[in-house]
Amino acid sequence: MATQDRVNDFVIRIATVNGTGSASANSLLMKAIFRMGIPVVGKNYFPSNIQGLPTWYEIRVTKDAYLSRSGHIDIMVAMNAQTYSDDLISVQSGGVFIYDSTRRREELHTRTDVTVLPIPLSELANNAFTGARTRILMRNVTYVGALAALLEIDLDTLKQLLEETFSNKQALIDSNLTAIQIGYNYAREQFNCPLSMRLSRLDKTAGHIMIDGNTAAALGCVYAGATVGSWYPITPSTSLFDAFTDFCKRFRTDTESGTQNYCIIQAEDELAAIGMALGAAWNGARAFTSTSGPGISLMSEFLGLAYFTEIPLVLFDIQRVGPSTGMPTRTQQSDILSAAYASHGDTRHVLLFPSDPAECFELAVTAFDLADRLQTPVIVLSDLDIGMNDWPCPELRWDDTYRPDYGKVYRANELRDLERFQRYLDVDGDGICYRSLPGDHPRGAYLIRGSGHNQAGAYTERSDEYIEVMDRLRRKFDTAATLVPGPIIERTPNADVAIVSLGSCHGAIQETRDRLAEKGLASDYLRIRAFPFCDDVRSFIDSHPRVFVVEQNRDAQLRSLLMTETGIAADRLVPVLYYGGEPLSSVDIIDVILEEIKQGKAA
C-alpha cells in the first residue's frame with residue numbers, strides 16, 4: 001500500500017473492452033468527483049472498431065486544475081484479462097492495481113512496489129443480477145462502488161447523479177444503486193479504506209460545467225444563427241452534428257405550429273456535404289459543415305471554389321491521426337498546413353484554434369461572423385481530445401444583445417439606387433467587396449463562376465483582370481489579420497524560456513510552466529488563436545532569441561507556417577513535437593526544453 005497521502009492528486013485508469021457498456025460507469029465516476037468540487041478531467045482511449053478490442057478511460061484528479069494528460073497512472077482498474085500484464089506494468093511505483101479476481105491471477109501479485117487489490121467483480125454481479133447483458137453492465141457499476149469506498153466518493157452524490165440520469169426509470173436507478181452498494185461493501189470489508197490516495201471535498205468547480213468540445217461548438221452554432229448544416233459521418237466530428245440536431249429540435253422548432261426552422265442534411269459524401277453548405281450560404285443562410293482530416297482532403301476543391309467566388313462558409317475540422325485512415329480514434333494536430341492552404345492554386349484560409357470546449361463555443365460564433373464579414377471559408381481546427389472528451393469549463397454565458405454581423409451586403413433599397421452593381425469591386429480598399437443576396441433586387445443579380453472573372457463577375461482570361469482579383473484576395477487576407485482573435489500572451493519578468501503553441505496543447509503547457517518555475521525557470525507563453533497571424537505573434541517571437549513551438553504532429557506544421565508567413569529563421573524556432581495519438585502531457589514538453597537548456601541553446 002502506498003504510504004504517503006495523496007489527496008485530490010492522482011490518476012485512475014480503467015481498462016475494459018469496447019462495447020461492454022463501461023462508458024456510462026466511467027462517466028458516473030468522473031462526474032461524482034466533479035460534483036464533490038474537485039477539478040477532474042477524463043480522457044477516453046477507444047479503438048476504431050465497434051466492439052471487442054481493448055479500451056481505456058483515464059480520469060485525472062487534480063487539485064491544481066490541470067487539464068492535460070499526466071503521463072503516469074496511479075490506480076489501475078483492470079477489467080480486461082487480455083491486457084492485464086500491460087496494465088500492471090503501466091502502474092507507477094507506489095500505485096494500486098485492482099482487477100476482477102473472479103478468476104484469481106497469481107501472476108498479477110508479483111510486483112512488490114504496487115498494491116494489488118483483487119475484487120471478484122463478475123462474481124458479485126452474477127450473484128446479484130440475472131441476464132448476461134445486465135450482469136456485464138452491473139459489473140462495471142460494481143467497480144464504481146468499490147472505488148467509492150477506496151477513494152471516499154460520496155454515495156449521496158452518486159445517487160443524485162443516477163436519479164438525474166435515469167429520471168423516472170426507478171428500476172434502473174435501483175439496480176445501479178444495488179451494484180454500487182455491493183462493490184462499496186466488499187471493499188470496506190476486505191481492505192483498509194480509504195486508500196492513501198483519496199478524495200476530499202473542495203469548492204473549485206462552482207460555476208463550472210462538464211462538456212465536450214463538439215457539443216459546445218454545436219451550441220455556439222445555434223447561438224450564432226446557423227440554420228443549415230450538411231454533413232457526412234466521420235470520427236471524430238459526427239457528434240457535433242448529433243448535438244446540433246438535438247439543439248435545433250429544442251430551439252429552432254416553433255412551439256405552436258411545430259414548424260422546424262432549420263435544415264440538417266446527411267449527405268452521401270464529404271463533397272456533397274460542403275457543396276450543400278455552400279449553396280445555402282450563397283443564398284444568405286448561415287450554413288456549415290464538419291469533418292476530419294480525410295474530409296478536408298476531399299473538400300479541398302470546394303474550399304478553393306468558396307475562396308475564389310467569395311462565399312461565406314464555416315467548416316469544423318475535428319482533427320485525428322493521419323495520414324490516410326490513420327488512427328481515427330486518436331488525437332493529433334496534423335491538418336494545420338492542409339487546412340491553411342486547402343485547394344490548388346494560391347489560396348489562404350482563415351483558421352481558428354480553440355483550446356477547450358469553452359472556446360469551441362465562443363469561436364463558433366466568431367467563425368460565422370468572420371465568414372460573413374470576409375466572405376470566405378473559415379475553418380475551426382479543433383481535435384479529438386477537445387471534441388470527444390468531457391472537460392470542466394466555466395458555465396457558457398451568452399450576451400442577449402448579440403446580433404450576427406453579416407458584413408457588406410447590399411439590400412434591395414441600396415441596390416435600387418446603384419448605377420451598376422459589380423460583385424467583385426473593392427469599394428473600401430480593404431479587399432472585401434459588397435455582395436447581394438438572391439432575390440433581393442434584379443440589380444443585384446450576377447453569374448457566380450469558379451473560372452476567371454473580373455471585378456464585375458464577368459468571365460475573363462485577361463491577365464490584368466485576373467491579377468487584379470488575386471491581388472485583392474491577398475489584400476483581404478491581410479485585412480483578416482486585423483479581424484481575427486488575437487493571441488493570448490502571458491509574460492513573466494526576466495523569462496528564461498519562451499513558448500508558442502495552439503489549441504489543446506494549452507493545458508499541458510500551463511502545467512509545464514509551473515514545473516519549470518519549480519526549477520527556477522521563468523517562461524513567457526503565446527497561444528495562437530487564429531491564422532492569419534497578427535502583428536503580436538511576430539513581435540513576441542522577435543522579443544526572444546529562441547522560441548519553443550509546441551504542437552501535436554510529426555512535421556512541425558505550425559513552425560512551418562510561422563516561417564512561411566513571417567519569414568522568421570528556422571534556427572530561432574525550436575520544435576517540440578508529440579504525435580503518438582494520446583493527448584499531450586507536460587512530460588512530453590519539459591524533457592525537450594530542459595535538454596535544450598542543458599546544451600545552452602535556449603534563451
# chains A, B, ... in the order shown; residues from 1 in each chain; ligands from 1
>>> residues_around(residues="Pro54 (chain A)", least_positions_apart="2", cutoff="7 Å", atoms="only C-alpha atoms", output="PyMOL selection string")
chain A and resi 16-18+52+56
>>> write_last_selection(atoms="N, CA, C and O atoms", output="mmCIF file, in the first residue's frame")
data_model
loop_
_atom_site.group_PDB
_atom_site.id
_atom_site.type_symbol
_atom_site.label_atom_id
_atom_site.label_comp_id
_atom_site.auth_asym_id
_atom_site.auth_seq_id
_atom_site.Cartn_x
_atom_site.Cartn_y
_atom_site.Cartn_z
ATOM 1 N N THR A 16 -11.005 -1.673 -20.050
ATOM 2 C CA THR A 16 -12.174 -2.502 -20.317
ATOM 3 C C THR A 16 -12.128 -2.993 -21.769
ATOM 4 O O THR A 16 -11.114 -2.876 -22.448
ATOM 5 N N VAL A 17 -13.249 -3.530 -22.222
ATOM 6 C CA VAL A 17 -13.383 -3.999 -23.597
ATOM 7 C C VAL A 17 -14.426 -3.127 -24.280
ATOM 8 O O VAL A 17 -15.502 -2.886 -23.727
ATOM 9 N N ASN A 18 -14.102 -2.657 -25.482
ATOM 10 C CA ASN A 18 -15.027 -1.806 -26.211
ATOM 11 C C ASN A 18 -16.355 -2.528 -26.458
ATOM 12 O O ASN A 18 -16.386 -3.681 -26.877
ATOM 13 N N GLY A 52 -15.146 -5.209 -28.966
ATOM 14 C CA GLY A 52 -14.275 -6.368 -28.852
ATOM 15 C C GLY A 52 -12.819 -6.077 -28.589
ATOM 16 O O GLY A 52 -12.076 -6.978 -28.167
ATOM 17 N N TRP A 56 -9.526 2.135 -22.893
ATOM 18 C CA TRP A 56 -9.133 2.664 -21.589
ATOM 19 C C TRP A 56 -9.796 4.016 -21.362
ATOM 20 O O TRP A 56 -10.010 4.782 -22.310
#
>>> residues_around(residues="region 63-73 of chain A", least_positions_apart="2", cutoff="8 Å", atoms="only C-alpha atoms", output="count of residues only")
29
>>> closest_residue(among="A:Gly486, A:Asn44, A:Tyr424, A:Asp113", to="Ile448 (chain A)", atoms="only C-alpha atoms")
A:Tyr424
>>> residues_around(residues="region 218-224 of chain A", least_positions_apart="4", cutoff="8 Å", atoms="only C-alpha atoms", output="PyMOL selection string")
chain A and resi 214+240-241+243-244+247-248+360-365+368-369+404
>>> residues_around(residues="Ala277 (chain A)", least_positions_apart="4", cutoff="6 Å", atoms="only C-alpha atoms", output="ChimeraX atom specification")
/A:230,287-288
>>> write_last_selection(atoms="C-alpha atoms", output="compact mmCIF listing (two decimals), in the first residue's frame")
# COMPACT_ATOMS: atom_id res chain seq x y z
CA SER A 230 -24.86 19.43 -44.05
CA ALA A 287 -24.53 27.32 -43.05
CA PHE A 288 -21.73 24.98 -42.01
